[in-house]
Amino acid sequence: MSIVPSGSPIWTRTAVHTQYGGDVNKRNLLSVGVVDAQTDVGAEEIARLSADLSALANTSPFAVITYLNNDASPAAPTILKVYGQIGVITSSYSGNAPPTGFPSAVRNGNDDVTFTFASSYTDPYGVSGSFAPMGVILGIAGSSARVATYEQPTSTTVRVHVFHSSTGAAGNDDTVTMTVW
Amino acid sequence: MALGAFAPFPFRLGGSSLEGLTAAQHARICADLVAAKQAAPLAVVTVTRASSTSVSIVKYFGQNGIGLANAPALAFNTGTPDLSVTLTFAPFADPYGITVYPDFTTAHGAVSQPTSSAPELFQLMSAGNNVVKFTVFASTTSSEVSSYTAVTVGIW
C-alpha cells in the first residue's frame, strides 16, 4: 500500500475531523464553490462529512453480539450473530471456535458466559489499533422475566449473567444480545 | 478542475480507483454516513454509585467528544423512594463551532455488578430534550438500590 490512512481505526476512539480532511479553515480554491453538484465535492461538504464521521466514531458500538447460552446440554455458547466494526457474521459459530478476528466465549455456568476480545484489531488497510471494552448494554429474548448484568474481569473480557428477575436465580438457555463499546 | 493535476477543492468526482473518488463511491459514502447518523447513539455514559449520596460519572463517550470534560451535569436524589439519577447535557458543538442541544428519544442501560450480588436492572424514567433520567432496581424486590458498581447508559 502506497499510503497509510491518517489516524487510527475507529475502535480506538481517537478520531478527529482533521483525519478525514476537515479543517476549521478549509476553503475552496479562490473561493469558487461547487460548479456542478452532480460531479463536484466542495470544501464545505467535506467539512460536514468529516465532523459528522468523527462524532459517529465516538459513540458507535464496537459490536452487537447475539448469542445463545447452552445449559441443558452444557457447552460453549453459540454466537448467533455479530455486527461489528471488525466485520459481520450472520452464520453462527461456537464460542470455543471463533472465526479469526471474532471474540471467543466460554461457559462458566448456567446463563453465565465470559467473552474474550483481542487487545488489538486491524483495519482493512492493515492498521492496528488497541481495543478494550468500555461499556456494555444487554437485552434478553424470550417470554419469561429475566434480567442481565455484566462484569469486566479484565481489560479484554466481559462476563454476562442472566437471572430470573423474581428470584435472582441463574437463568438457563437464554438468548442474549450484547452491545459492546 | 482538471483531474490528474493539482486539483484543490472543489474536487471533481471520477478518476481511477487508486487516485480518484468516483461518483458511485462518493454516493455510497454519503448514503452510509447518513444511515449511520440516523441510528447511532448520541452518547454513552458510565455512572457509578457508591452510596445514596455518592454518584459520579466515570466514563463518557459522546458525539460532542470523549472524556469527562464533555460529560453532562449530574444530579441525583438520595432518599426512598426516589434514588433517580438525572443527566443534563449542555449543547453539543461540532469542530466548526456550530452548536445545537441534543434532543434525546430514548436510552438503554445495563448494570455491572459482582457475580455474588442480587441482579439489578436499569430503568429509564424519561428521555427528552437534553435530559435523561434513570434509576436502578433490585429485580427480586422491585426496590431502587442506593449503590451499584456501574451502569452503562446508551442514549439515542
# chains A, B, ... in the order shown; residues from 1 in each chain; ligands from 1
$ interface_residues --of "chain A" --to "chain B" --cutoff "7 Å" --atoms "only C-alpha atoms" --output "PyMOL selection string"
chain A and resi 24+28-29+33-34+39-43+51+55-56+58-60+135-138+147+149-151+163+165-168
$ write_last_selection --atoms "N, CA, C and O atoms" --output "short mmCIF file (atom, residue, chain, number, x, y, z; two decimals), in the first residue's frame"
data_model
loop_
_atom_site.label_atom_id
_atom_site.label_comp_id
_atom_site.auth_asym_id
_atom_site.auth_seq_id
_atom_site.Cartn_x
_atom_site.Cartn_y
_atom_site.Cartn_z
N VAL A 24 -10.93 23.68 10.25
CA VAL A 24 -11.81 24.83 10.51
C VAL A 24 -11.59 25.94 9.49
O VAL A 24 -12.45 26.80 9.31
N ASN A 28 -12.56 26.49 -0.51
CA ASN A 28 -12.46 26.16 -1.92
C ASN A 28 -11.42 27.08 -2.57
O ASN A 28 -11.29 28.25 -2.18
N LEU A 29 -10.70 26.58 -3.54
CA LEU A 29 -9.69 27.37 -4.22
C LEU A 29 -10.30 28.64 -4.80
O LEU A 29 -11.32 28.59 -5.51
N GLY A 33 -16.95 27.90 -5.48
CA GLY A 33 -17.60 26.73 -4.95
C GLY A 33 -17.87 25.67 -6.00
O GLY A 33 -17.32 25.70 -7.11
N VAL A 34 -18.73 24.77 -5.60
CA VAL A 34 -19.09 23.66 -6.49
C VAL A 34 -19.71 24.21 -7.78
O VAL A 34 -20.61 25.04 -7.75
N THR A 39 -21.17 16.48 -10.04
CA THR A 39 -19.82 15.98 -10.31
C THR A 39 -18.78 16.47 -9.32
O THR A 39 -17.67 15.93 -9.28
N ASP A 40 -19.12 17.48 -8.51
CA ASP A 40 -18.09 18.10 -7.68
C ASP A 40 -18.39 17.92 -6.19
O ASP A 40 -19.54 17.80 -5.78
N VAL A 41 -17.34 17.93 -5.40
CA VAL A 41 -17.46 17.92 -3.95
C VAL A 41 -16.71 19.14 -3.42
O VAL A 41 -15.52 19.31 -3.72
N GLY A 42 -17.39 19.96 -2.65
CA GLY A 42 -16.80 21.19 -2.17
C GLY A 42 -16.22 21.06 -0.77
O GLY A 42 -16.46 20.08 -0.05
N ALA A 43 -15.46 22.08 -0.38
CA ALA A 43 -14.83 22.10 0.93
C ALA A 43 -15.86 22.06 2.05
O ALA A 43 -15.66 21.40 3.08
N ALA A 51 -16.68 16.12 10.18
CA ALA A 51 -17.12 16.37 11.55
C ALA A 51 -18.14 15.33 12.00
O ALA A 51 -18.08 14.81 13.13
N ALA A 55 -17.76 12.42 14.97
CA ALA A 55 -18.74 12.32 16.06
C ALA A 55 -19.30 10.91 16.15
O ALA A 55 -19.44 10.35 17.25
N LEU A 56 -19.62 10.35 15.01
CA LEU A 56 -20.13 8.97 14.99
C LEU A 56 -19.10 7.99 15.54
O LEU A 56 -19.44 7.04 16.25
N ASN A 58 -17.09 8.42 17.82
CA ASN A 58 -17.04 8.47 19.28
C ASN A 58 -18.00 7.50 19.94
O ASN A 58 -17.71 6.93 20.99
N THR A 59 -19.18 7.33 19.35
CA THR A 59 -20.24 6.60 20.05
C THR A 59 -20.68 5.32 19.36
O THR A 59 -21.55 4.62 19.88
N SER A 60 -20.13 5.01 18.21
CA SER A 60 -20.56 3.79 17.52
C SER A 60 -20.15 2.55 18.32
O SER A 60 -19.01 2.45 18.77
N GLY A 135 -17.94 -0.31 27.74
CA GLY A 135 -19.28 -0.33 28.29
C GLY A 135 -20.11 -1.39 27.61
O GLY A 135 -19.78 -1.81 26.49
N VAL A 136 -21.16 -1.82 28.27
CA VAL A 136 -21.97 -2.93 27.77
C VAL A 136 -23.45 -2.65 28.05
O VAL A 136 -23.79 -2.17 29.14
N ILE A 137 -24.27 -2.95 27.07
CA ILE A 137 -25.72 -2.92 27.27
C ILE A 137 -26.26 -4.28 26.84
O ILE A 137 -25.78 -4.86 25.85
N LEU A 138 -27.26 -4.78 27.57
CA LEU A 138 -27.72 -6.14 27.36
C LEU A 138 -29.22 -6.19 27.11
O LEU A 138 -29.98 -5.41 27.71
N VAL A 147 -33.34 -10.76 33.88
CA VAL A 147 -32.53 -9.56 33.97
C VAL A 147 -31.08 -9.98 33.74
O VAL A 147 -30.65 -11.04 34.20
N THR A 149 -26.91 -8.84 33.73
CA THR A 149 -25.89 -7.93 34.24
C THR A 149 -24.55 -8.34 33.65
O THR A 149 -24.42 -9.39 33.03
N TYR A 150 -23.56 -7.47 33.85
CA TYR A 150 -22.24 -7.79 33.31
C TYR A 150 -21.14 -7.43 34.30
O TYR A 150 -21.36 -6.67 35.24
N GLU A 151 -19.99 -8.01 34.05
CA GLU A 151 -18.76 -7.66 34.77
C GLU A 151 -17.65 -7.50 33.74
O GLU A 151 -17.75 -8.01 32.63
N PHE A 163 -30.41 -13.70 34.95
CA PHE A 163 -31.10 -14.20 36.14
C PHE A 163 -32.61 -14.22 35.93
O PHE A 163 -33.14 -13.42 35.15
N SER A 165 -35.77 -12.77 37.08
CA SER A 165 -35.89 -11.46 37.72
C SER A 165 -36.60 -11.54 39.07
O SER A 165 -36.32 -10.75 39.97
N SER A 166 -37.48 -12.51 39.27
CA SER A 166 -38.23 -12.56 40.53
C SER A 166 -37.46 -13.22 41.66
O SER A 166 -37.59 -12.83 42.82
N THR A 167 -36.63 -14.19 41.32
CA THR A 167 -35.93 -14.94 42.37
C THR A 167 -34.44 -14.62 42.46
O THR A 167 -33.82 -14.89 43.49
N GLY A 168 -33.89 -14.10 41.39
CA GLY A 168 -32.45 -13.86 41.37
C GLY A 168 -31.63 -15.10 41.07
O GLY A 168 -30.40 -15.04 41.05
#
$ select_by_dssp --residues "chain A" --states "strand (DSSP E)" --output "number ranges by chain"
A: 40-41, 63-70, 75-84, 87-89, 93-94, 104-109, 112-116, 120-122, 128-130, 136-141, 146-151, 157-164, 175-180
$ residues_around --residues "Val88 (chain A)" --least-positions-apart "4" --cutoff "10 Å" --atoms "only C-alpha atoms" --output "tab-separated table (two decimals) with N, CA, C and O atoms, in the first residue's frame"
chain	number	residue	atom	x	y	z
A	63	ALA	N	-19.36	-3.66	18.77
A	63	ALA	CA	-20.02	-4.85	18.25
A	63	ALA	C	-21.38	-5.06	18.91
A	63	ALA	O	-21.58	-4.71	20.07
A	64	VAL	N	-22.29	-5.62	18.15
A	64	VAL	CA	-23.58	-6.08	18.68
A	64	VAL	C	-23.61	-7.58	18.47
A	64	VAL	O	-23.59	-8.06	17.33
A	65	ILE	N	-23.61	-8.30	19.57
A	65	ILE	CA	-23.43	-9.75	19.54
A	65	ILE	C	-24.67	-10.43	20.12
A	65	ILE	O	-25.07	-10.13	21.25
A	81	LYS	N	-25.00	-14.14	15.96
A	81	LYS	CA	-24.73	-13.05	15.01
A	81	LYS	C	-23.75	-12.07	15.64
A	81	LYS	O	-23.81	-11.81	16.85
A	82	VAL	N	-22.90	-11.52	14.81
A	82	VAL	CA	-22.03	-10.43	15.25
A	82	VAL	C	-22.09	-9.34	14.19
A	82	VAL	O	-21.84	-9.59	13.01
A	83	TYR	N	-22.48	-8.15	14.62
A	83	TYR	CA	-22.39	-6.98	13.76
A	83	TYR	C	-21.34	-6.07	14.39
A	83	TYR	O	-21.59	-5.48	15.44
A	84	GLY	N	-20.20	-6.00	13.77
A	84	GLY	CA	-19.12	-5.30	14.45
A	84	GLY	C	-18.30	-4.41	13.54
A	84	GLY	O	-18.39	-4.48	12.31
A	102	PHE	N	-12.78	-12.68	15.54
A	102	PHE	CA	-14.03	-12.51	16.28
A	102	PHE	C	-13.85	-13.04	17.71
A	102	PHE	O	-13.01	-13.89	17.97
$ atom_distance --atom1 "CA of Thr122 (chain A)" --atom2 "CA of Tyr93 (chain A)"
21.1 Å
$ residues_around --residues "Thr116 (chain A)" --least-positions-apart "2" --cutoff "7 Å" --atoms "only C-alpha atoms" --output "list in words"
Pro103, Ser104, Ala105, Thr114, Ala118, Thr156, Thr157 and Val158 of chain A
$ select_by_dssp --residues "region 30-144 of chain B" --states "helix (DSSP H, G or I)" --output "PyMOL selection string"
chain B and resi 30-39+68-70
$ residues_around --residues "Ser92 (chain A)" --least-positions-apart "5" --cutoff "10 Å" --atoms "only C-alpha atoms" --output "list in words"
Thr66, Tyr67, Leu68, Thr78, Ile79, Leu80, Lys81, Val82 and Pro98 of chain A
$ write_last_selection --atoms "C-alpha atoms" --output "JSON list (two decimals), in the first residue's frame"
[["chain", "number", "residue", "atom", "x", "y", "z"],
["A", 66, "THR", "CA", -26.39, -12.11, 19.86],
["A", 67, "TYR", "CA", -25.69, -15.45, 21.49],
["A", 68, "LEU", "CA", -27.42, -18.48, 22.95],
["A", 78, "THR", "CA", -23.48, -20.38, 20.36],
["A", 79, "ILE", "CA", -22.70, -17.00, 18.85],
["A", 80, "LEU", "CA", -25.63, -16.38, 16.56],
["A", 81, "LYS", "CA", -24.73, -13.05, 15.01],
["A", 82, "VAL", "CA", -22.03, -10.43, 15.25],
["A", 98, "PRO", "CA", -14.40, -18.33, 16.80]]
$ atom_distance --atom1 "CA of Asn108 (chain A)" --atom2 "CA of Asp71 (chain A)"
10.1 Å
$ atom_distance --atom1 "CA of Leu87 (chain B)" --atom2 "CA of Leu74 (chain B)"
5.0 Å
$ closest_residue --among "B:Val58, B:Asn129, B:Ser84, B:Asn77" --to "Tyr101 (chain B)" --atoms "only C-alpha atoms"
B:Asn129
$ closest_residue --among "B:Gln25, B:Pro91, B:Ile98, B:Pro81" --to "Ala47 (chain A)" --atoms "only C-alpha atoms"
B:Ile98
$ residues_around --residues "region 2-18 of chain A" --least-positions-apart "2" --cutoff "6 Å" --atoms "only C-alpha atoms" --output "mmCIF file with C-alpha atoms, in the first residue's frame"
data_model
loop_
_atom_site.group_PDB
_atom_site.id
_atom_site.type_symbol
_atom_site.label_atom_id
_atom_site.label_comp_id
_atom_site.auth_asym_id
_atom_site.auth_seq_id
_atom_site.Cartn_x
_atom_site.Cartn_y
_atom_site.Cartn_z
ATOM 1 C CA TYR A 20 -10.990 12.836 7.427
ATOM 2 C CA GLY A 21 -9.933 16.002 5.638
ATOM 3 C CA GLY A 22 -11.763 18.543 7.769
ATOM 4 C CA ASP A 23 -10.224 21.797 8.914
ATOM 5 C CA SER A 50 -15.552 14.823 8.465
ATOM 6 C CA ALA A 51 -17.123 16.370 11.555
ATOM 7 C CA SER A 54 -15.682 11.795 13.827
ATOM 8 C CA ALA A 57 -16.796 7.330 15.673
ATOM 9 C CA ASN A 58 -17.038 8.471 19.277
ATOM 10 C CA GLY A 129 -5.463 -0.229 16.945
#
$ closest_residue --among "B:Leu83, B:Ala50, B:Ala93, B:Glu19" --to "Ser147 (chain B)" --atoms "only C-alpha atoms"
B:Ala50
$ decode --residues "region 69-84 of chain B" --atoms "all heavy atoms" --output "mmCIF file, in the first residue's frame"
data_model
loop_
_atom_site.group_PDB
_atom_site.id
_atom_site.type_symbol
_atom_site.label_atom_id
_atom_site.label_comp_id
_atom_site.auth_asym_id
_atom_site.auth_seq_id
_atom_site.Cartn_x
_atom_site.Cartn_y
_atom_site.Cartn_z
ATOM 1 N N ALA B 69 -14.598 15.809 30.519
ATOM 2 C CA ALA B 69 -14.756 17.235 30.253
ATOM 3 C C ALA B 69 -15.973 17.506 29.373
ATOM 4 O O ALA B 69 -16.505 18.625 29.362
ATOM 5 C CB ALA B 69 -13.499 17.785 29.591
ATOM 6 N N ASN B 70 -16.397 16.501 28.631
ATOM 7 C CA ASN B 70 -17.549 16.660 27.739
ATOM 8 C C ASN B 70 -18.820 16.069 28.335
ATOM 9 O O ASN B 70 -19.873 16.088 27.688
ATOM 10 C CB ASN B 70 -17.257 15.968 26.412
ATOM 11 C CG ASN B 70 -16.035 16.538 25.729
ATOM 12 O OD1 ASN B 70 -16.041 17.671 25.283
ATOM 13 N ND2 ASN B 70 -14.960 15.763 25.679
ATOM 14 N N ALA B 71 -18.734 15.532 29.533
ATOM 15 C CA ALA B 71 -19.855 14.798 30.126
ATOM 16 C C ALA B 71 -20.962 15.737 30.584
ATOM 17 O O ALA B 71 -20.734 16.931 30.807
ATOM 18 C CB ALA B 71 -19.349 13.972 31.304
ATOM 19 N N PRO B 72 -22.161 15.201 30.735
ATOM 20 C CA PRO B 72 -23.288 16.023 31.183
ATOM 21 C C PRO B 72 -23.198 16.355 32.670
ATOM 22 O O PRO B 72 -22.440 15.732 33.416
ATOM 23 C CB PRO B 72 -24.499 15.120 30.913
ATOM 24 C CG PRO B 72 -23.941 13.735 31.021
ATOM 25 C CD PRO B 72 -22.554 13.812 30.467
ATOM 26 N N ALA B 73 -24.001 17.323 33.076
ATOM 27 C CA ALA B 73 -24.147 17.612 34.504
ATOM 28 C C ALA B 73 -24.923 16.474 35.154
ATOM 29 O O ALA B 73 -25.839 15.903 34.566
ATOM 30 C CB ALA B 73 -24.879 18.930 34.683
ATOM 31 N N LEU B 74 -24.528 16.158 36.378
ATOM 32 C CA LEU B 74 -25.104 15.023 37.091
ATOM 33 C C LEU B 74 -25.871 15.525 38.312
ATOM 34 O O LEU B 74 -25.357 16.330 39.083
ATOM 35 C CB LEU B 74 -23.967 14.090 37.536
ATOM 36 C CG LEU B 74 -24.333 12.883 38.373
ATOM 37 C CD1 LEU B 74 -25.009 11.827 37.521
ATOM 38 C CD2 LEU B 74 -23.078 12.307 39.022
ATOM 39 N N ALA B 75 -27.086 15.020 38.452
ATOM 40 C CA ALA B 75 -27.863 15.308 39.660
ATOM 41 C C ALA B 75 -28.513 14.010 40.103
ATOM 42 O O ALA B 75 -28.711 13.099 39.297
ATOM 43 C CB ALA B 75 -28.917 16.364 39.378
ATOM 44 N N PHE B 76 -28.810 13.904 41.392
ATOM 45 C CA PHE B 76 -29.396 12.652 41.873
ATOM 46 C C PHE B 76 -30.217 12.900 43.122
ATOM 47 O O PHE B 76 -29.992 13.857 43.870
ATOM 48 C CB PHE B 76 -28.312 11.614 42.152
ATOM 49 C CG PHE B 76 -27.210 12.095 43.055
ATOM 50 C CD1 PHE B 76 -27.288 11.937 44.424
ATOM 51 C CD2 PHE B 76 -26.087 12.710 42.518
ATOM 52 C CE1 PHE B 76 -26.267 12.382 45.252
ATOM 53 C CE2 PHE B 76 -25.067 13.162 43.338
ATOM 54 C CZ PHE B 76 -25.155 13.001 44.708
ATOM 55 N N ASN B 77 -31.173 12.028 43.304
ATOM 56 C CA ASN B 77 -31.967 12.049 44.530
ATOM 57 C C ASN B 77 -31.415 11.014 45.492
ATOM 58 O O ASN B 77 -30.815 10.011 45.082
ATOM 59 C CB ASN B 77 -33.436 11.795 44.213
ATOM 60 C CG ASN B 77 -34.073 12.986 43.539
ATOM 61 O OD1 ASN B 77 -34.079 14.095 44.079
ATOM 62 N ND2 ASN B 77 -34.572 12.791 42.328
ATOM 63 N N THR B 78 -31.641 11.242 46.754
ATOM 64 C CA THR B 78 -30.924 10.453 47.759
ATOM 65 C C THR B 78 -31.807 9.603 48.665
ATOM 66 O O THR B 78 -31.277 8.885 49.515
ATOM 67 C CB THR B 78 -30.100 11.387 48.665
ATOM 68 O OG1 THR B 78 -30.994 12.315 49.283
ATOM 69 C CG2 THR B 78 -29.044 12.135 47.876
ATOM 70 N N GLY B 79 -33.111 9.703 48.505
ATOM 71 C CA GLY B 79 -33.908 9.001 49.506
ATOM 72 C C GLY B 79 -35.024 8.180 48.923
ATOM 73 O O GLY B 79 -35.470 8.390 47.806
ATOM 74 N N THR B 80 -35.476 7.242 49.710
ATOM 75 C CA THR B 80 -36.598 6.410 49.349
ATOM 76 C C THR B 80 -37.836 7.282 49.188
ATOM 77 O O THR B 80 -38.067 8.144 50.036
ATOM 78 C CB THR B 80 -36.828 5.362 50.451
ATOM 79 O OG1 THR B 80 -35.607 4.660 50.639
ATOM 80 C CG2 THR B 80 -37.931 4.404 50.092
ATOM 81 N N PRO B 81 -38.632 7.106 48.159
ATOM 82 C CA PRO B 81 -38.477 6.083 47.150
ATOM 83 C C PRO B 81 -37.757 6.577 45.907
ATOM 84 O O PRO B 81 -37.810 5.888 44.897
ATOM 85 C CB PRO B 81 -39.930 5.749 46.819
ATOM 86 C CG PRO B 81 -40.619 7.075 46.927
ATOM 87 C CD PRO B 81 -39.890 7.830 48.008
ATOM 88 N N ASP B 82 -37.123 7.716 45.953
ATOM 89 C CA ASP B 82 -36.544 8.278 44.734
ATOM 90 C C ASP B 82 -35.021 8.313 44.814
ATOM 91 O O ASP B 82 -34.453 9.158 45.499
ATOM 92 C CB ASP B 82 -37.102 9.687 44.485
ATOM 93 C CG ASP B 82 -36.704 10.214 43.114
ATOM 94 O OD1 ASP B 82 -35.873 9.560 42.447
ATOM 95 O OD2 ASP B 82 -37.222 11.267 42.729
ATOM 96 N N LEU B 83 -34.387 7.389 44.100
ATOM 97 C CA LEU B 83 -32.927 7.365 44.020
ATOM 98 C C LEU B 83 -32.497 7.583 42.565
ATOM 99 O O LEU B 83 -31.468 7.070 42.117
ATOM 100 C CB LEU B 83 -32.385 6.032 44.539
ATOM 101 C CG LEU B 83 -32.465 5.841 46.057
ATOM 102 C CD1 LEU B 83 -32.356 4.374 46.431
ATOM 103 C CD2 LEU B 83 -31.362 6.642 46.743
ATOM 104 N N SER B 84 -33.287 8.353 41.852
ATOM 105 C CA SER B 84 -33.031 8.539 40.435
ATOM 106 C C SER B 84 -31.797 9.399 40.188
ATOM 107 O O SER B 84 -31.362 10.169 41.052
ATOM 108 C CB SER B 84 -34.245 9.184 39.770
ATOM 109 O OG SER B 84 -34.501 10.449 40.345
#
